[in-house]
file input_22.cif (mmCIF, C-alpha atoms)
data_entry
loop_
_atom_site.label_atom_id
_atom_site.label_comp_id
_atom_site.auth_asym_id
_atom_site.auth_seq_id
_atom_site.Cartn_x
_atom_site.Cartn_y
_atom_site.Cartn_z
CA MET A 1 311.04 274.04 84.78
CA ARG A 2 312.77 273.17 88.07
CA ASN A 3 313.92 276.74 88.70
CA ARG A 4 311.49 279.12 90.47
CA GLU A 5 312.95 282.15 88.72
CA PHE A 6 312.32 280.52 85.38
CA LEU A 7 308.72 279.87 86.41
CA ILE A 8 308.24 283.53 87.26
CA ALA A 9 309.65 284.46 83.87
CA LEU A 10 307.24 282.02 82.30
CA LEU A 11 304.41 283.92 83.98
CA CYS A 12 305.39 287.01 82.00
CA VAL A 13 305.08 285.06 78.76
CA PHE A 14 301.58 283.88 79.58
CA LEU A 15 300.29 287.06 81.22
CA PHE A 16 298.31 288.10 78.15
CA GLU A 17 296.75 284.65 77.84
CA LEU A 18 295.97 284.67 81.56
CA PHE A 19 293.66 287.67 81.31
CA GLY A 20 291.78 286.15 78.40
CA CYS A 21 291.07 282.80 80.06
CA SER A 22 287.85 281.68 81.67
CA LYS A 23 287.39 281.36 85.44
CA THR A 24 288.11 277.67 85.31
CA THR A 25 291.56 278.17 83.82
CA SER A 26 292.70 281.60 85.06
CA PRO A 27 294.53 282.14 88.35
CA ARG A 28 292.55 284.30 90.74
CA LEU A 29 293.21 288.05 90.92
CA GLU A 30 293.15 289.59 94.39
CA LYS A 31 291.62 293.07 94.13
CA PRO A 32 291.63 295.59 96.95
CA GLU A 33 288.35 295.95 98.79
CA PRO A 34 286.55 299.29 98.31
CA VAL A 35 287.55 301.96 100.81
CA GLN A 36 284.90 303.07 103.30
CA THR A 37 286.00 306.08 105.39
CA PHE A 38 289.28 307.25 106.91
CA GLN A 39 288.69 310.66 108.42
CA LEU A 40 290.86 313.11 110.36
CA LEU A 41 289.07 314.20 113.53
CA SER A 42 288.76 317.87 114.37
CA GLU A 43 289.91 319.21 117.74
CA GLU A 44 286.27 319.46 118.77
CA GLN A 45 285.61 315.83 117.85
CA VAL A 46 288.70 314.66 119.74
CA ASN A 47 287.67 316.58 122.86
CA SER A 48 284.11 315.20 122.71
CA PHE A 49 285.26 311.57 123.00
CA LEU A 50 286.18 309.89 126.28
CA TRP A 51 289.70 308.52 125.85
CA GLU A 52 290.63 306.09 128.61
CA ASP A 53 292.50 302.81 128.88
CA ASP A 54 290.58 300.11 130.73
CA LEU A 55 293.85 298.27 131.49
CA GLU A 56 295.55 301.46 132.72
CA PHE A 57 298.18 300.99 129.99
CA GLU A 58 299.29 297.57 131.30
CA GLY A 59 301.01 295.61 128.49
CA ILE A 60 301.10 298.51 126.04
CA SER A 61 304.85 299.15 126.47
CA GLU A 62 305.80 295.67 125.27
CA ALA A 63 303.49 295.93 122.27
CA ILE A 64 304.98 299.33 121.37
CA LYS A 65 308.54 297.97 121.56
CA GLN A 66 307.59 295.18 119.14
CA SER A 67 306.28 297.68 116.58
CA GLN A 68 309.42 299.76 117.02
CA LYS A 69 311.50 296.69 116.15
CA TYR A 70 309.50 296.40 112.94
CA TYR A 71 310.14 300.04 111.97
CA ARG A 72 313.89 299.65 112.59
CA ARG A 73 314.03 296.90 110.00
CA LEU A 74 312.67 299.15 107.24
CA SER A 75 314.59 301.44 104.92
CA ASP A 76 314.11 305.21 105.08
CA SER A 77 312.32 305.13 101.72
CA TYR A 78 309.36 303.20 103.14
CA GLN A 79 306.25 305.36 103.67
CA PHE A 80 303.21 305.18 105.94
CA ARG A 81 300.19 307.23 104.92
CA TYR A 82 297.58 308.73 107.24
CA GLY A 83 295.21 310.54 104.92
CA ASP A 84 297.22 313.44 103.49
CA TYR A 85 300.13 312.86 105.85
CA VAL A 86 303.17 310.69 105.13
CA TYR A 87 305.55 309.30 107.75
CA SER A 88 308.88 307.52 107.44
CA PRO A 89 309.73 304.44 109.54
CA ARG A 90 311.92 306.66 111.75
CA GLU A 91 309.01 309.01 112.31
CA MET A 92 306.67 306.11 113.10
CA GLU A 93 309.17 304.80 115.63
CA ALA A 94 309.50 308.29 117.15
CA SER A 95 305.71 308.63 117.29
CA LEU A 96 305.44 305.49 119.40
CA GLN A 97 308.33 306.62 121.57
CA LEU A 98 306.54 309.90 122.24
CA PHE A 99 303.39 308.02 123.28
CA LEU A 100 305.48 305.79 125.56
CA GLU A 101 307.17 308.77 127.18
CA ILE A 102 303.80 310.44 127.80
CA ILE A 103 302.23 307.48 129.58
CA GLN A 104 305.39 306.95 131.65
CA THR A 105 305.67 310.63 132.62
CA TYR A 106 302.07 311.68 133.22
CA GLN A 107 299.35 310.09 135.32
CA GLY A 108 295.58 309.81 134.89
CA ASN A 109 293.83 312.46 132.84
CA ALA A 110 297.06 314.42 132.39
CA SER A 111 298.44 311.69 130.11
CA ILE A 112 295.27 311.74 127.99
CA GLU A 113 295.48 315.53 127.65
CA GLU A 114 299.08 315.26 126.44
CA ILE A 115 298.10 312.59 123.89
CA LYS A 116 295.23 314.77 122.62
CA LYS A 117 297.60 317.72 122.29
CA LYS A 118 300.44 315.93 120.50
CA PHE A 119 298.70 313.37 118.28
CA LEU A 120 296.47 313.36 115.22
CA PHE A 121 293.36 311.16 115.42
CA PHE A 122 291.81 309.42 112.40
CA GLU A 123 288.61 307.39 112.51
CA SER A 124 288.32 304.22 110.42
CA LYS A 125 284.64 303.62 109.60
CA ASN A 126 282.84 300.86 107.76
CA SER A 127 279.83 301.42 105.50
CA LYS A 128 277.57 301.56 108.58
CA GLY A 129 279.52 304.47 110.03
CA ASN A 130 281.16 302.57 112.87
CA ALA A 131 283.45 299.53 113.29
CA PHE A 132 283.03 295.79 113.73
CA PHE A 133 285.19 293.61 115.98
CA THR A 134 285.89 289.90 116.11
CA GLY A 135 288.59 288.03 118.01
CA TYR A 136 291.26 285.43 117.48
CA TYR A 137 293.62 283.40 119.65
CA GLU A 138 296.49 280.91 119.55
CA PRO A 139 295.03 277.38 119.70
CA ILE A 140 296.84 274.36 121.16
CA LEU A 141 296.28 271.18 119.15
CA LYS A 142 297.44 267.69 119.98
CA GLY A 143 299.49 266.13 117.19
CA SER A 144 302.39 264.01 116.04
CA LEU A 145 305.44 264.42 113.82
CA ASN A 146 304.40 261.31 111.91
CA PRO A 147 300.98 260.13 110.72
CA THR A 148 299.19 257.79 113.10
CA ALA A 149 295.69 256.39 113.45
CA GLN A 150 294.93 259.19 115.91
CA PHE A 151 296.73 261.99 114.05
CA SER A 152 296.32 261.65 110.30
CA THR A 153 295.66 265.16 108.96
CA PRO A 154 298.82 266.84 107.60
CA LEU A 155 299.76 270.39 108.53
CA TYR A 156 301.61 271.48 105.40
CA GLU A 157 304.43 273.95 104.94
CA THR A 158 304.39 276.09 101.78
CA PRO A 159 304.67 273.88 98.66
CA LYS A 160 307.69 274.61 96.48
CA ASP A 161 305.55 274.87 93.35
CA LEU A 162 303.33 277.65 94.77
CA LEU A 163 304.17 280.88 92.93
CA LYS A 164 303.24 284.48 93.71
CA ALA A 165 303.55 287.46 91.39
CA ASP A 166 302.93 291.16 91.91
CA LEU A 167 301.02 292.19 88.80
CA GLY A 168 302.03 295.80 89.33
CA ALA A 169 305.50 294.77 88.16
CA PHE A 170 303.98 294.01 84.74
CA LYS A 171 301.39 296.78 84.39
CA THR A 172 301.20 299.92 86.52
CA GLU A 173 297.40 299.89 86.44
CA LEU A 174 297.53 296.54 88.25
CA LYS A 175 299.50 297.91 91.20
CA GLY A 176 298.35 296.35 94.46
CA GLN A 177 297.03 293.19 92.78
CA ARG A 178 298.79 289.87 92.97
CA ILE A 179 298.29 286.41 91.61
CA ILE A 180 298.95 283.00 93.13
CA GLY A 181 299.14 279.82 91.12
CA LYS A 182 301.36 277.11 89.70
CA VAL A 183 302.73 276.04 86.32
CA GLU A 184 301.24 273.03 84.55
CA GLY A 185 302.95 272.27 81.27
CA ASN A 186 303.17 275.63 79.52
CA ARG A 187 300.29 277.28 81.38
CA PHE A 188 299.98 279.21 84.64
CA VAL A 189 296.88 277.93 86.47
CA PRO A 190 295.14 278.43 89.84
CA TYR A 191 296.68 276.65 92.79
CA ASP A 192 294.91 273.66 94.32
CA SER A 193 291.73 274.36 96.29
CA ARG A 194 290.91 273.15 99.79
CA ASP A 195 288.93 270.26 98.31
CA GLN A 196 291.86 269.10 96.20
CA ILE A 197 294.37 269.43 99.03
CA ALA A 198 292.33 268.07 101.93
CA TYR A 199 290.19 265.45 100.22
CA SER A 200 292.10 264.40 97.10
CA ASP A 201 295.56 264.30 98.71
CA ALA A 202 296.88 266.58 95.97
CA LEU A 203 299.99 267.65 97.90
CA LYS A 204 301.12 264.22 99.04
CA ASP A 205 304.37 264.36 97.05
CA ARG A 206 304.55 268.16 96.62
CA ALA A 207 304.72 269.55 100.15
CA ARG A 208 306.25 268.56 103.48
CA ALA A 209 304.01 268.00 106.48
CA ILE A 210 305.34 269.85 109.52
CA SER A 211 303.21 267.63 111.74
CA TYR A 212 299.90 265.77 111.79
CA VAL A 213 296.79 266.73 113.76
CA LYS A 214 293.55 265.02 114.72
CA ASN A 215 291.20 265.90 111.86
CA ASP A 216 290.16 268.44 109.22
CA VAL A 217 288.00 270.40 111.67
CA GLU A 218 290.89 271.10 114.04
CA LEU A 219 293.17 272.03 111.13
CA PHE A 220 290.51 274.32 109.66
CA PHE A 221 290.21 276.38 112.84
CA LEU A 222 293.97 276.53 113.19
CA GLN A 223 294.08 277.98 109.67
CA ILE A 224 291.45 280.55 110.58
CA GLN A 225 293.51 281.68 113.58
CA GLY A 226 296.72 281.79 111.54
CA SER A 227 299.04 280.40 114.21
CA GLY A 228 299.07 277.87 117.01
CA LEU A 229 300.90 275.31 119.11
CA VAL A 230 301.04 271.59 118.35
CA GLN A 231 301.48 269.47 121.47
CA LEU A 232 303.41 266.31 120.62
CA PRO A 233 303.03 262.96 122.46
CA ASP A 234 306.04 263.75 124.68
CA LYS A 235 304.23 266.98 125.78
CA SER A 236 306.70 269.22 123.93
CA LEU A 237 305.26 272.07 121.89
CA LYS A 238 305.89 273.00 118.26
CA ARG A 239 304.91 276.57 117.35
CA VAL A 240 303.56 277.09 113.83
CA ASN A 241 302.73 280.35 112.10
CA TYR A 242 301.07 281.50 108.89
CA ALA A 243 303.41 281.18 105.89
CA ALA A 244 301.29 281.42 102.73
CA GLN A 245 297.85 280.89 101.25
CA ASN A 246 296.66 279.11 98.11
CA GLY A 247 295.24 282.21 96.42
CA HIS A 248 291.57 281.26 96.65
CA SER A 249 289.07 283.69 98.20
CA TYR A 250 288.16 283.36 101.86
CA ARG A 251 284.49 282.51 102.40
CA SER A 252 282.85 282.37 105.82
CA ILE A 253 281.31 279.04 106.78
CA GLY A 254 279.58 280.83 109.65
CA LYS A 255 277.62 282.97 107.21
CA LEU A 256 276.82 279.83 105.22
CA LEU A 257 275.33 278.02 108.21
CA ILE A 258 273.33 281.09 109.21
CA LYS A 259 271.98 281.42 105.66
CA GLU A 260 271.00 277.75 105.62
CA ASN A 261 269.28 278.14 109.01
CA LYS A 262 271.54 275.58 110.66
CA ILE A 263 272.78 277.95 113.36
CA PRO A 264 270.75 281.01 114.43
CA LYS A 265 272.62 284.26 113.94
CA ALA A 266 272.11 285.21 117.59
CA LYS A 267 273.86 282.00 118.69
CA MET A 268 276.71 282.05 116.17
CA SER A 269 280.21 281.65 117.61
CA MET A 270 283.32 279.63 116.91
CA GLN A 271 282.20 277.17 119.58
CA ALA A 272 278.79 276.82 117.91
CA LEU A 273 280.49 276.15 114.57
CA LYS A 274 282.70 273.45 116.05
CA ASP A 275 279.78 271.82 117.83
CA TYR A 276 277.77 271.71 114.61
CA LEU A 277 280.61 270.17 112.60
CA TYR A 278 281.35 267.50 115.21
CA ASN A 279 277.63 266.68 115.52
CA HIS A 280 277.22 266.42 111.71
CA PRO A 281 280.32 264.57 110.44
CA GLU A 282 278.58 263.72 107.18
CA GLU A 283 278.44 267.45 106.32
CA VAL A 284 282.02 268.38 107.27
CA GLN A 285 283.61 268.04 103.83
CA GLN A 286 280.90 270.03 102.06
CA ILE A 287 280.87 272.80 104.67
CA LEU A 288 284.64 273.20 104.90
CA ASN A 289 284.99 273.19 101.11
CA TYR A 290 282.70 276.21 100.99
CA ASN A 291 285.86 278.08 101.98
CA PRO A 292 288.38 277.10 99.25
CA SER A 293 291.12 279.19 100.90
CA TYR A 294 293.86 277.02 102.39
CA THR A 295 296.66 278.18 104.72
CA PHE A 296 300.21 276.84 104.83
CA PHE A 297 302.44 277.09 107.90
CA ARG A 298 306.05 277.40 109.01
CA GLU A 299 307.81 276.57 112.25
CA VAL A 300 308.83 279.57 114.40
CA SER A 301 310.73 279.84 117.67
CA GLU A 302 308.74 282.75 119.12
CA GLY A 303 305.29 284.10 118.63
CA PRO A 304 302.65 284.03 117.61
CA LEU A 305 303.94 286.36 114.94
CA GLY A 306 301.69 288.93 113.30
CA TYR A 307 301.88 290.15 109.72
CA ILE A 308 304.75 292.53 110.58
CA GLU A 309 306.76 289.58 111.93
CA VAL A 310 306.75 290.54 115.62
CA PRO A 311 305.21 288.62 118.54
CA LEU A 312 301.63 289.61 119.32
CA THR A 313 300.61 290.93 122.75
CA PRO A 314 297.29 289.59 124.14
CA GLY A 315 294.68 292.32 124.40
CA ARG A 316 297.01 294.88 122.81
CA SER A 317 297.54 293.56 119.27
CA ILE A 318 294.87 293.80 116.59
CA ALA A 319 294.58 292.80 112.95
CA MET A 320 293.33 295.26 110.33
CA ASP A 321 293.36 295.47 106.53
CA ARG A 322 297.04 295.65 105.54
CA LYS A 323 296.17 297.43 102.28
CA LEU A 324 294.44 300.34 104.01
CA ILE A 325 295.89 300.71 107.51
CA PRO A 326 299.50 301.72 108.38
CA ARG A 327 301.22 298.64 109.77
CA GLY A 328 302.52 298.66 113.31
CA GLY A 329 300.77 301.91 114.18
CA LEU A 330 298.95 303.03 117.29
CA ALA A 331 295.16 302.74 117.51
CA PHE A 332 292.35 303.18 120.01
CA ILE A 333 289.35 300.86 120.12
CA ALA A 334 286.02 301.23 121.90
CA THR A 335 283.61 298.29 121.92
CA HIS A 336 282.29 295.55 124.24
CA ALA A 337 283.84 292.18 125.05
CA PRO A 338 282.09 289.00 126.23
CA SER A 339 282.54 288.16 129.93
CA PHE A 340 282.56 284.66 131.45
CA GLN A 341 282.23 282.91 134.78
CA LYS A 342 283.34 279.27 134.97
CA ARG A 343 283.50 279.25 131.14
CA LEU A 344 279.87 280.31 130.86
CA ARG A 345 279.07 283.57 129.12
CA VAL A 346 277.37 285.94 131.54
CA GLY A 347 277.18 289.12 129.49
CA GLN A 348 279.39 291.84 128.08
CA LYS A 349 281.59 294.58 129.47
CA PRO A 350 282.95 297.78 127.92
CA LEU A 351 286.38 297.61 126.28
CA LYS A 352 288.27 300.88 125.64
CA ARG A 353 292.02 300.85 125.17
CA PHE A 354 295.06 301.74 123.09
CA VAL A 355 296.32 298.96 120.83
CA LEU A 356 298.85 298.31 118.04
CA VAL A 357 297.99 297.25 114.47
CA GLN A 358 300.36 294.29 114.14
CA ASP A 359 298.48 291.73 112.09
CA THR A 360 296.06 291.19 109.22
CA GLY A 361 293.71 288.41 108.10
CA GLY A 362 291.85 286.93 105.17
CA ALA A 363 288.47 288.03 106.56
CA ILE A 364 289.70 291.42 107.79
CA ARG A 365 288.88 293.70 104.88
CA GLY A 366 287.96 297.36 104.58
CA HIS A 367 287.93 300.23 107.03
CA GLY A 368 286.20 299.87 110.38
CA ARG A 369 287.15 296.19 110.71
CA ALA A 370 289.41 294.70 113.37
CA ASP A 371 290.29 291.37 114.95
CA ILE A 372 291.49 291.45 118.58
CA PHE A 373 294.19 288.97 119.65
CA TRP A 374 293.34 287.39 123.02
CA GLY A 375 296.34 285.10 123.64
CA HIS A 376 296.11 281.33 124.17
CA GLY A 377 294.27 279.06 126.58
CA LYS A 378 290.61 278.27 127.19
CA LEU A 379 289.58 281.77 128.25
CA ALA A 380 291.25 283.29 125.19
CA GLU A 381 289.41 280.76 123.02
CA LEU A 382 286.08 281.69 124.60
CA LYS A 383 286.69 285.42 124.22
CA ALA A 384 287.77 285.04 120.60
CA GLY A 385 284.93 282.71 119.71
CA HIS A 386 282.21 284.99 121.09
CA MET A 387 283.65 288.35 120.05
CA GLN A 388 281.25 289.90 117.52
CA ASN A 389 280.53 293.50 118.45
CA SER A 390 280.31 296.91 116.85
CA GLY A 391 282.22 299.92 118.15
CA TYR A 392 284.79 302.48 117.04
CA ILE A 393 288.38 302.42 115.77
CA PHE A 394 290.73 305.39 115.76
CA LEU A 395 294.26 305.52 114.35
CA LEU A 396 296.75 307.82 116.09
CA VAL A 397 300.06 309.29 114.94
CA ALA A 398 302.14 312.07 116.48
CA ARG A 399 301.96 315.58 115.08
CA LYS A 400 305.18 316.24 113.23
CA GLU A 401 306.03 319.34 115.23
CA PHE A 402 306.41 317.12 118.30
CA LEU A 403 308.74 314.63 116.63
CA LYS A 404 312.51 314.71 116.40
CA ALA A 405 312.08 313.70 112.80
CA SER A 406 314.24 313.79 109.69
CA SER A 407 313.46 316.62 107.30
CA ASP A 408 313.49 314.59 104.08
CA LEU A 409 309.85 313.43 104.41
CA ILE A 410 307.20 316.07 104.95
CA SER A 411 303.44 316.17 105.03
CA LEU A 412 301.76 316.08 101.66
CA LYS A 413 299.07 318.36 103.00
#
call {"tool": "encode", "arguments": {"input": "input_22.cif", "output": "structure tokens"}}
result
Amino acid sequence: MRNREFLIALLCVFLFELFGCSKTTSPRLEKPEPVQTFQLLSEEQVNSFLWEDDLEFEGISEAIKQSQKYYRRLSDSYQFRYGDYVYSPREMEASLQLFLEIIQTYQGNASIEEIKKKFLFFESKNSKGNAFFTGYYEPILKGSLNPTAQFSTPLYETPKDLLKADLGAFKTELKGQRIIGKVEGNRFVPYDSRDQIAYSDALKDRARAISYVKNDVELFFLQIQGSGLVQLPDKSLKRVNYAAQNGHSYRSIGKLLIKENKIPKAKMSMQALKDYLYNHPEEVQQILNYNPSYTFFREVSEGPLGYIEVPLTPGRSIAMDRKLIPRGGLAFIATHAPSFQKRLRVGQKPLKRFVLVQDTGGAIRGHGRADIFWGHGKLAELKAGHMQNSGYIFLLVARKEFLKASSDLISLK
């Protein structure tokens, strides 16, 4: 029972029993969200849209190089699908290199015309026929390596008894589904919920605390962001990044407070959520437990790291559904972003730019859904907290005839 491999084998033995158990005893199954729309644009549609980069391509080169590093780590057998088209990691890397060469060689509208000529454009739409954008950032929390009266909430690394299994390895019809849980006696059961971990001290002797932070509210928002910096008493910084999750479904406390008429929908933001929780300490446990999902962290030397394990670039990296969208690929977004003066919101301004899909998130599900990474600091926090706008998302990949690509992978079309 001490060996993780043996525990995985034990899962096989109890797989049949697992599917016959009730909700209170069965580990949770993660099922893919239903697909909305992923559509190849015609030449006419591409020409009818105004493609421009509001940052004049500043910062895009670094983001591209990070995605290229990701593709170089992958074997040639890995595949990236854009509708009916399939690309190898080498082709994805070459696609980004072509884009980089275009923006470095051509100026102004000439670069856009070259991109339109040499790339395929796919639109990712939600059920409303457009896209929805939120934002995230890298928070800085004060903390300590040891528990103190001021810093008493543990920031846990992944517990050793947390087990993950790809159910597609057991049954082909379950491909894409996974299960997270732990072994108790001779049964595989759901892993501990947020309530058990945060308020019943369930992991006290089962997981190491990387550090300790101020309270459950600060930890909760760090978990929502997925990465952050912990500032220790000596002013040094410890960077932490997403490592694992307890297998329970993500549920939005923002939607809960809107439904219960505690925060008007028009005024909802991350800042409004924090203010409400700090002003109603007696409700904190109940509200936070509405989201049973719990994130575990790891220490990293660089970052913040996205899902493809490369550092994110502020304003150029976005998170999308990892099950539907090719990882590391080029995208174009058109929406509006909140604008501020002296930390006061004064309106919105158009946002149109090329970005890279380098991350994912528990609340980022389905087509036409993206989270924009804004960096760290107070302005990034404000932008992320107030970013809730509709718009459009397009995924771009080079036409194969313009790539110096290997001939072993061809279009399925």
call {"tool": "resolve_selection", "arguments": {"input": "input_22.cif", "expression": "the PyMOL selection byres ((chain A and resi 258-274) around 12)", "output": "JSON, numbers by chain"}}
result
{"A": [134, 135, 136, 137, 216, 217, 218, 219, 220, 221, 222, 224, 225, 252, 253, 254, 255, 256, 257, 275, 276, 277, 278, 279, 280, 281, 283, 284, 287, 288, 338, 343, 344, 345, 378, 381, 382, 383, 384, 385, 386, 387, 388, 389]}
call {"tool": "atom_distance", "arguments": {"input": "input_22.cif", "atom1": "atom CA of Tyr71 of chain A", "atom2": "atom CA of Arg369 of chain A"}}
result
23.3 Å
call {"tool": "residues_around", "arguments": {"input": "input_22.cif", "residues": "Ser42 of chain A", "least_positions_apart": "2", "cutoff": "12 Å", "atoms": "all atoms listed in the file", "output": "PDB file with C-alpha atoms, keeping the file's coordinate frame"}}
result
ATOM      1  CA  GLN A  39     288.690 310.660 108.420  1.00  0.00           C
ATOM      2  CA  LEU A  40     290.860 313.110 110.360  1.00  0.00           C
ATOM      3  CA  GLU A  44     286.270 319.460 118.770  1.00  0.00           C
ATOM      4  CA  GLN A  45     285.610 315.830 117.850  1.00  0.00           C
ATOM      5  CA  VAL A  46     288.700 314.660 119.740  1.00  0.00           C
ATOM      6  CA  ASN A  47     287.670 316.580 122.860  1.00  0.00           C
ATOM      7  CA  SER A  48     284.110 315.200 122.710  1.00  0.00           C
ATOM      8  CA  PHE A  49     285.260 311.570 123.000  1.00  0.00           C
ATOM      9  CA  LYS A 116     295.230 314.770 122.620  1.00  0.00           C
ATOM     10  CA  LYS A 117     297.600 317.720 122.290  1.00  0.00           C
ATOM     11  CA  PHE A 119     298.700 313.370 118.280  1.00  0.00           C
ATOM     12  CA  LEU A 120     296.470 313.360 115.220  1.00  0.00           C
ATOM     13  CA  PHE A 121     293.360 311.160 115.420  1.00  0.00           C
ATOM     14  CA  PHE A 122     291.810 309.420 112.400  1.00  0.00           C
ATOM     15  CA  GLU A 123     288.610 307.390 112.510  1.00  0.00           C
TER      16      GLU A 123
END
call {"tool": "resolve_selection", "arguments": {"input": "input_22.cif", "expression": "the PyMOL selection byres ((chain A and resi 141-145) around 7)", "output": "VMD selection string"}}
result
chain A and resid 139 to 140 146 to 147 151 210 to 214 229 to 233
call {"tool": "residues_around", "arguments": {"input": "input_22.cif", "residues": "segment 302-313 of chain A", "least_positions_apart": "5", "cutoff": "7 Å", "atoms": "only C-alpha atoms", "output": "ChimeraX atom specification"}}
result
/A:63,66,70,227,241,358-360
call {"tool": "atom_distance", "arguments": {"input": "input_22.cif", "atom1": "atom CA of Tyr191 of chain A", "atom2": "atom CA of Thr172 of chain A"}}
result
24.5 Å
call {"tool": "atom_distance", "arguments": {"input": "input_22.cif", "atom1": "atom CA of Thr335 of chain A", "atom2": "atom CA of Leu96 of chain A"}}
result
23.1 Å
call {"tool": "closest_residue", "arguments": {"input": "input_22.cif", "among": "A:Gln68, A:Ser124, A:Gln177, A:Gln285", "to": "Tyr199 of chain A", "atoms": "all atoms listed in the file"}}
result
A:Gln285
call {"tool": "closest_residue", "arguments": {"input": "input_22.cif", "among": "A:Glu401, A:Glu58, A:Asp321, A:Asp76", "to": "Ala363 of chain A", "atoms": "all atoms listed in the file"}}
result
A:Asp321
call {"tool": "resolve_selection", "arguments": {"input": "input_22.cif", "expression": "the PyMOL selection byres ((chain A and resi 111) around 12)", "output": "ChimeraX atom specification"}}
result
/A:51-53,56-57,98-110,112-119
call {"tool": "residues_near_point", "arguments": {"input": "input_22.cif", "point": "(294.7, 302.6, 122.6)", "cutoff": "8 Å", "atoms": "only C-alpha atoms", "output": "list in words"}}
result
Asp53, Leu330, Ala331, Phe332, Ile333, Lys352, Arg353, Phe354, Val355 and Leu356 of chain A
call {"tool": "closest_residue", "arguments": {"input": "input_22.cif", "among": "A:Asn215, A:Tyr85, A:Val300, A:Leu379", "to": "Thr148 of chain A", "atoms": "all atoms listed in the file"}}
result
A:Asn215
